[in-house]
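Single-structure report; data block below.
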Amino acid sequence: MFRRLALSLTILATGLVAGLVPARAAIDTSAEHALLMDGASGQVLWQKDGLVAMPPASMSKLMTIDLLFGRLKDGRVKLTDTFPVSERAWRTGGSRMFLELGSRVSVEDLIRGIVIQSGNDACVVVAEALGGTVEGFVKMMNQRAKQIGLQQSTFVNPDGLPEPPGQMMSALDLAKLARHIINEYSQYYHYFSEREFVWNKIRQPNRDLVLTMLPGADGLKTGHTDAAGYGIVASARRGDQRLILVLNGLRYPQYKNDYFPNIRRAEEATRILEMAFREFRSYPVLKAGQVLGNAPVQGGAVESVPVTAGKPLNVTMQVDSHAGMKTQLRLNPGLTAPVQAGQRVGTFVVTAPNFPALNVPVF
């Protein structure tokens, strides 16, 4: 079963607030941390210890990519620019792009080296180029995390390696970051769906095998360390519906190398996303500017004012829950004149069986 949402969660795009009612569906996972997010609204549809900080391994490279994409978008960096490979970058261990000491590498190739090959050496090259030093870039990463609302994230390096210790993110923060990258950098997002990359005469496949298993899958990033276990941030789109899934803490002690764990991780993510696309639908609830009722006003020239949510509202929920969906307008008592346009005057509440209640501000 989908485990219950343990805390109130702010819905990113619309100002909605999810309540404490459990969300349930016939899915479970052996992952220690998991979270499913609706890509359009940012609604958290299900989570399992998804708000707990954890070692994110290479999934934290998404923050390195975010900072690089940001400078591409504002023009400070071009895809054809080249960055130098320092000795520190060349000596970086773990998964590598196999960069040559003293060479210069184009930004576009570094993107592919990070996204497809999970190159730790490529991350250090980018960090030194953008931050002056790795340590300067880490400060940028933590500042950026605050800017985009990542509340359970702490960065100590640009690559997710276990040394130095202390790199932590929650599944919720990883999903938020993935959604931000998808929405903010659509012109660069295609790199996440590329299947392989050849550098220095070495052909490396994308470690995200969900790309080959799940129709509509188009990113984002895998990760693995002994502390983190096997993890993945996966996203897929079918029609107008996009889902983002984060899994971490998958353990496969029976295997001595990464080949079978990579397959098992992808199979688990594919299984959950396949079921989620069947179980969840987005339902229109409010139209833009729709008047929901009238709020009584004391001491004014008129006895009441019209109330609206301002923005259109679509709610994603399980198909079985939709039949029992109910809405209620709750107005703040004692509203007195003068009342300003845009003043919050209450809450529009959406409830349904086995669904985290949504509270929508009305104005």
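The way I read the labels, and the way they are meant: chains A, B, ... in the order of the structure tokens, residue 1 as the first residue of every chain, and ligand 1 as the first ligand shown, with later ones counted on from there.
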Where in segment 83-295 of chain A does DSSP assign strand (DSSP E), given as a ChimeraX atom specification? /A:83-84,104-106,196-199,202-205,217-225,229-238,241-250,280-286,291-295
List as a JSON list (two decimals) with N, CA, C and O atoms, in the first residue's frame the protein and nucleic acid residues near Val115 of chain A, meaning an atom at most 10 Å away when only C-alpha atoms are counted, but skip any in the same chain fewer than 6 places from it.
[["chain", "number", "residue", "atom", "x", "y", "z"],
["A", 58, "SER", "N", 24.92, 10.20, -6.43],
["A", 58, "SER", "CA", 25.04, 10.98, -7.66],
["A", 58, "SER", "C", 23.77, 11.71, -8.06],
["A", 58, "SER", "O", 23.79, 12.53, -8.98],
["A", 59, "MET", "N", 22.65, 11.41, -7.41],
["A", 59, "MET", "CA", 21.43, 12.16, -7.71],
["A", 59, "MET", "C", 21.60, 13.63, -7.37],
["A", 59, "MET", "O", 20.94, 14.49, -7.95],
["A", 61, "LYS", "N", 23.97, 15.39, -8.25],
["A", 61, "LYS", "CA", 24.52, 16.06, -9.43],
["A", 61, "LYS", "C", 23.47, 16.93, -10.13],
["A", 61, "LYS", "O", 23.82, 17.80, -10.94],
["A", 62, "LEU", "N", 22.20, 16.68, -9.86],
["A", 62, "LEU", "CA", 21.15, 17.52, -10.43],
["A", 62, "LEU", "C", 21.32, 18.98, -10.02],
["A", 62, "LEU", "O", 20.98, 19.89, -10.78],
["A", 65, "ILE", "N", 24.03, 20.43, -12.24],
["A", 65, "ILE", "CA", 23.45, 20.69, -13.56],
["A", 65, "ILE", "C", 22.54, 21.91, -13.52],
["A", 65, "ILE", "O", 22.53, 22.73, -14.46],
["A", 109, "ASP", "N", 29.74, 18.91, -23.89],
["A", 109, "ASP", "CA", 30.29, 17.59, -23.58],
["A", 109, "ASP", "C", 30.31, 17.34, -22.08],
["A", 109, "ASP", "O", 30.08, 16.20, -21.63],
["A", 122, "ALA", "N", 33.93, 15.46, -14.39],
["A", 122, "ALA", "CA", 33.24, 16.53, -15.10],
["A", 122, "ALA", "C", 32.58, 17.51, -14.12],
["A", 122, "ALA", "O", 32.55, 18.72, -14.36],
["A", 123, "CYS", "N", 32.06, 16.98, -13.01],
["A", 123, "CYS", "CA", 31.45, 17.85, -12.00],
["A", 123, "CYS", "C", 32.47, 18.81, -11.40],
["A", 123, "CYS", "O", 32.17, 19.99, -11.17],
["A", 191, "TYR", "N", 18.99, 16.39, -22.80],
["A", 191, "TYR", "CA", 20.21, 15.66, -22.51],
["A", 191, "TYR", "C", 19.94, 14.47, -21.59],
["A", 191, "TYR", "O", 20.65, 13.46, -21.65],
["A", 192, "PHE", "N", 18.93, 14.57, -20.73],
["A", 192, "PHE", "CA", 18.65, 13.50, -19.78],
["A", 192, "PHE", "C", 18.13, 12.23, -20.45],
["A", 192, "PHE", "O", 18.19, 11.16, -19.86],
["A", 193, "SER", "N", 17.60, 12.35, -21.65],
["A", 193, "SER", "CA", 17.03, 11.18, -22.31],
["A", 193, "SER", "C", 17.98, 10.54, -23.32],
["A", 193, "SER", "O", 17.63, 9.55, -23.97],
["A", 194, "GLU", "N", 19.20, 11.09, -23.46],
["A", 194, "GLU", "CA", 20.16, 10.49, -24.38],
["A", 194, "GLU", "C", 20.67, 9.17, -23.80],
["A", 194, "GLU", "O", 20.97, 9.07, -22.62],
["A", 196, "GLU", "N", 23.43, 7.18, -24.64],
["A", 196, "GLU", "CA", 24.84, 6.88, -24.46],
["A", 196, "GLU", "C", 25.69, 8.07, -24.89],
["A", 196, "GLU", "O", 25.19, 9.00, -25.55],
["A", 197, "PHE", "N", 26.96, 8.04, -24.51],
["A", 197, "PHE", "CA", 27.88, 9.10, -24.86],
["A", 197, "PHE", "C", 29.28, 8.52, -24.98],
["A", 197, "PHE", "O", 29.70, 7.70, -24.15],
["A", 206, "ASN", "N", 23.84, 5.35, -20.72],
["A", 206, "ASN", "CA", 23.14, 6.05, -19.64],
["A", 206, "ASN", "C", 22.77, 5.03, -18.56],
["A", 206, "ASN", "O", 22.19, 3.99, -18.86],
["A", 207, "ARG", "N", 23.09, 5.35, -17.32],
["A", 207, "ARG", "CA", 22.79, 4.43, -16.22],
["A", 207, "ARG", "C", 21.29, 4.36, -15.91],
["A", 207, "ARG", "O", 20.85, 3.47, -15.18],
["A", 208, "ASP", "N", 20.52, 5.30, -16.44],
["A", 208, "ASP", "CA", 19.07, 5.32, -16.22],
["A", 208, "ASP", "C", 18.41, 4.36, -17.21],
["A", 208, "ASP", "O", 18.01, 4.75, -18.31],
["A", 219, "GLY", "N", 14.11, 10.92, -18.22],
["A", 219, "GLY", "CA", 15.15, 11.37, -17.28],
["A", 219, "GLY", "C", 14.82, 10.87, -15.89],
["A", 219, "GLY", "O", 13.83, 10.17, -15.71],
["A", 220, "LEU", "N", 15.65, 11.12, -14.88],
["A", 220, "LEU", "CA", 16.68, 12.14, -14.85],
["A", 220, "LEU", "C", 18.05, 11.56, -14.43],
["A", 220, "LEU", "O", 19.00, 11.68, -15.15],
["A", 221, "LYS", "N", 18.17, 10.97, -13.22],
["A", 221, "LYS", "CA", 19.51, 10.65, -12.71],
["A", 221, "LYS", "C", 19.46, 9.47, -11.74],
["A", 221, "LYS", "O", 18.53, 9.36, -10.93],
["A", 222, "THR", "N", 20.49, 8.64, -11.81],
["A", 222, "THR", "CA", 20.64, 7.56, -10.85],
["A", 222, "THR", "C", 21.74, 7.90, -9.85],
["A", 222, "THR", "O", 22.47, 8.88, -10.02]]
Residues of segment 3-136 of chain A in helix (DSSP H, G or I) according to DSSP, as JSON, numbers by chain? {"A": [57, 58, 59, 60, 61, 62, 63, 64, 65, 66, 67, 68, 69, 70, 71, 72, 73, 87, 88, 89, 90, 91, 107, 108, 109, 110, 111, 112, 113, 114, 115, 120, 121, 122, 123, 124, 125, 126, 127, 128, 129, 130, 131, 134, 135, 136]}
Using only C-alpha atoms, which protein or nucleic acid residues come within 7 Å of Pro284 of chain A? Drop anything in the same chain fewer than 3 positions from it, and give the result as an NGL selection string. :A and (313-315)
Quick one: write out the picked residues with N, CA, C and O atoms as a compact mmCIF listing (two decimals), in the first residue's frame?
# COMPACT_ATOMS: atom_id res chain seq x y z
N LEU A 313 -7.71 25.25 -11.10
CA LEU A 313 -7.24 24.19 -10.21
C LEU A 313 -7.56 22.83 -10.79
O LEU A 313 -8.72 22.51 -11.04
N ASN A 314 -6.52 22.05 -11.03
CA ASN A 314 -6.65 20.63 -11.34
C ASN A 314 -6.07 19.84 -10.18
O ASN A 314 -5.00 20.18 -9.67
N VAL A 315 -6.76 18.81 -9.75
CA VAL A 315 -6.32 18.00 -8.62
C VAL A 315 -6.04 16.59 -9.11
O VAL A 315 -6.87 15.99 -9.80
Just the residues within 6 Å of segment 44-49 of chain A, please, counting only C-alpha atoms, with nothing from its chain fewer than 3 positions along; format it as a PyMOL selection string. chain A and resi 3+33-37+52
For segment 125-133 of chain A, list every protein, DNA or RNA residue within 8 Å, evaluated using only C-alpha atoms, and leave out those in the same chain fewer than 6 positions away; present the list as a PyMOL selection string. chain A and resi 64+68+83-86+89+110+140+158
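The environment of Ala57 of chain A within 10 Å, counting only C-alpha atoms and disregarding residues fewer than 3 places along the same chain, consists of Met54, Ser60, Lys61, Asp159, Gly160, Leu161, Pro162, Gln167, Met168, Met169, Thr222, Gly223, His224, Thr225, Asp226, Ala227, Ala228, Gly229, Tyr230, Gly231, Ile232 and Asn248 of chain A.
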Can you spit out the residues from that selection as a short mmCIF file (atom, residue, chain, number, x, y, z; two decimals), in the first residue's frame, using all heavy atoms?
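Printed below is part_20.cif as written:
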data_model
loop_
_atom_site.label_atom_id
_atom_site.label_comp_id
_atom_site.auth_asym_id
_atom_site.auth_seq_id
_atom_site.Cartn_x
_atom_site.Cartn_y
_atom_site.Cartn_z
N MET A 54 18.77 12.18 3.54
CA MET A 54 19.47 10.92 3.26
C MET A 54 20.65 11.21 2.36
O MET A 54 20.68 12.24 1.67
CB MET A 54 18.50 9.94 2.57
CG MET A 54 18.02 10.50 1.24
SD MET A 54 16.68 9.60 0.46
CE MET A 54 16.52 10.56 -1.06
N SER A 60 22.53 13.95 -6.45
CA SER A 60 22.77 15.35 -6.11
C SER A 60 23.47 16.09 -7.24
O SER A 60 23.55 17.32 -7.21
CB SER A 60 23.60 15.45 -4.83
OG SER A 60 24.86 14.82 -4.97
N LYS A 61 23.97 15.39 -8.25
CA LYS A 61 24.52 16.06 -9.43
C LYS A 61 23.47 16.93 -10.13
O LYS A 61 23.82 17.80 -10.94
CB LYS A 61 25.07 15.03 -10.41
CG LYS A 61 26.37 14.35 -9.97
CD LYS A 61 26.85 13.38 -11.04
CE LYS A 61 28.24 12.84 -10.78
NZ LYS A 61 28.28 11.80 -9.73
N ASP A 159 29.51 16.39 -6.62
CA ASP A 159 29.38 15.11 -7.31
C ASP A 159 28.63 14.03 -6.54
O ASP A 159 28.24 13.02 -7.12
CB ASP A 159 30.75 14.57 -7.70
CG ASP A 159 31.78 14.71 -6.57
OD1 ASP A 159 31.46 14.33 -5.43
OD2 ASP A 159 32.88 15.22 -6.84
N GLY A 160 28.43 14.18 -5.23
CA GLY A 160 27.72 13.18 -4.46
C GLY A 160 28.58 12.07 -3.90
O GLY A 160 28.06 11.11 -3.32
N LEU A 161 29.90 12.18 -4.05
CA LEU A 161 30.80 11.18 -3.46
C LEU A 161 30.69 11.20 -1.93
O LEU A 161 30.38 12.25 -1.35
CB LEU A 161 32.24 11.44 -3.89
CG LEU A 161 32.60 11.03 -5.33
CD1 LEU A 161 33.95 11.60 -5.73
CD2 LEU A 161 32.58 9.52 -5.48
N PRO A 162 30.94 10.08 -1.27
CA PRO A 162 30.77 10.03 0.19
C PRO A 162 31.81 10.81 0.98
O PRO A 162 31.64 11.00 2.18
CB PRO A 162 30.86 8.53 0.50
CG PRO A 162 31.60 7.93 -0.65
CD PRO A 162 31.24 8.75 -1.85
N GLN A 167 26.86 15.24 2.71
CA GLN A 167 25.93 15.56 1.61
C GLN A 167 24.60 14.87 1.88
O GLN A 167 24.52 13.65 1.96
CB GLN A 167 26.51 15.10 0.28
CG GLN A 167 25.72 15.60 -0.92
CD GLN A 167 26.52 16.55 -1.76
OE1 GLN A 167 27.18 17.44 -1.23
NE2 GLN A 167 26.48 16.39 -3.06
N MET A 168 23.52 15.66 2.00
CA MET A 168 22.21 15.11 2.36
C MET A 168 21.12 15.81 1.55
O MET A 168 21.17 17.03 1.33
CB MET A 168 21.94 15.30 3.86
CG MET A 168 22.98 14.67 4.79
SD MET A 168 22.98 12.86 4.75
CE MET A 168 21.53 12.52 5.79
N MET A 169 20.12 15.04 1.15
CA MET A 169 18.91 15.56 0.51
C MET A 169 17.77 14.63 0.87
O MET A 169 17.97 13.45 1.15
CB MET A 169 19.04 15.62 -1.01
CG MET A 169 20.13 16.53 -1.54
SD MET A 169 20.14 16.59 -3.37
CE MET A 169 18.70 17.64 -3.69
N THR A 222 20.49 8.64 -11.81
CA THR A 222 20.64 7.56 -10.85
C THR A 222 21.74 7.90 -9.85
O THR A 222 22.47 8.88 -10.02
CB THR A 222 21.02 6.24 -11.56
OG1 THR A 222 22.30 6.41 -12.19
CG2 THR A 222 19.98 5.86 -12.59
N GLY A 223 21.86 7.07 -8.81
CA GLY A 223 22.93 7.26 -7.83
C GLY A 223 23.17 5.98 -7.05
O GLY A 223 22.26 5.16 -6.89
N HIS A 224 24.40 5.82 -6.56
CA HIS A 224 24.71 4.67 -5.72
C HIS A 224 25.98 4.93 -4.92
O HIS A 224 27.00 5.35 -5.46
CB HIS A 224 24.92 3.40 -6.54
CG HIS A 224 25.45 2.27 -5.73
ND1 HIS A 224 26.73 1.74 -5.89
CD2 HIS A 224 24.90 1.57 -4.69
CE1 HIS A 224 26.92 0.77 -5.03
NE2 HIS A 224 25.83 0.65 -4.28
N THR A 225 25.88 4.74 -3.63
CA THR A 225 27.03 4.58 -2.74
C THR A 225 26.64 3.52 -1.72
O THR A 225 25.46 3.16 -1.60
CB THR A 225 27.41 5.89 -1.99
OG1 THR A 225 26.32 6.28 -1.14
CG2 THR A 225 27.74 7.01 -2.96
N ASP A 226 27.61 3.02 -0.97
CA ASP A 226 27.30 2.02 0.05
C ASP A 226 26.32 2.57 1.08
O ASP A 226 25.41 1.88 1.53
CB ASP A 226 28.58 1.56 0.75
CG ASP A 226 29.46 0.71 -0.15
OD1 ASP A 226 28.95 0.21 -1.17
OD2 ASP A 226 30.66 0.57 0.15
N ALA A 227 26.49 3.86 1.45
CA ALA A 227 25.61 4.45 2.46
C ALA A 227 24.22 4.71 1.90
O ALA A 227 23.22 4.49 2.59
CB ALA A 227 26.23 5.75 2.98
N ALA A 228 24.14 5.19 0.68
CA ALA A 228 22.85 5.56 0.09
C ALA A 228 22.08 4.36 -0.43
O ALA A 228 20.85 4.38 -0.48
CB ALA A 228 23.07 6.56 -1.04
N GLY A 229 22.78 3.30 -0.81
CA GLY A 229 22.13 2.24 -1.56
C GLY A 229 21.94 2.69 -3.00
O GLY A 229 22.58 3.64 -3.47
N TYR A 230 21.07 2.00 -3.71
CA TYR A 230 20.78 2.36 -5.10
C TYR A 230 19.58 3.29 -5.13
O TYR A 230 18.57 3.06 -4.47
CB TYR A 230 20.50 1.11 -5.94
CG TYR A 230 21.75 0.31 -6.22
CD1 TYR A 230 22.22 -0.64 -5.31
CD2 TYR A 230 22.50 0.53 -7.38
CE1 TYR A 230 23.37 -1.36 -5.55
CE2 TYR A 230 23.67 -0.19 -7.62
CZ TYR A 230 24.09 -1.12 -6.71
OH TYR A 230 25.25 -1.83 -6.94
N GLY A 231 19.70 4.36 -5.93
CA GLY A 231 18.63 5.34 -6.00
C GLY A 231 18.42 5.83 -7.42
O GLY A 231 19.26 5.63 -8.31
N ILE A 232 17.28 6.47 -7.64
CA ILE A 232 16.97 7.02 -8.95
C ILE A 232 15.95 8.15 -8.81
O ILE A 232 15.05 8.09 -7.97
CB ILE A 232 16.43 5.94 -9.90
CG1 ILE A 232 16.27 6.48 -11.33
CG2 ILE A 232 15.12 5.34 -9.39
CD1 ILE A 232 15.99 5.40 -12.37
N ASN A 248 15.28 5.73 -3.16
CA ASN A 248 16.65 5.63 -2.65
C ASN A 248 16.68 4.59 -1.53
O ASN A 248 15.67 4.31 -0.90
CB ASN A 248 17.15 6.98 -2.12
CG ASN A 248 18.66 7.05 -2.08
OD1 ASN A 248 19.35 6.36 -2.83
ND2 ASN A 248 19.20 7.88 -1.20
#
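Going from atom CA of Ser321 of chain A over to atom CA of Arg281 of chain A, you cover 10.1 Å.
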Just checking: using only C-alpha atoms, which residue out of A:Glu108, A:Glu303, A:Asp74, A:Glu279 ends up closest to Thr316 of chain A?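 The answer is A:Glu279, which sits nearest to Thr316 of chain A.
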Pick out the closest residue to Arg264 of chain A from this set: A:Phe363, A:Phe98, A:Tyr252, A:Phe69. Count only C-alpha atoms. A:Tyr252
With distances taken over only C-alpha atoms, which of A:Leu243, A:Ile27, A:Met141, A:Ile111 is nearest to His190 of chain A?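 Looking only at the distances to His190 of chain A, the closest residue turns out to be A:Ile111.
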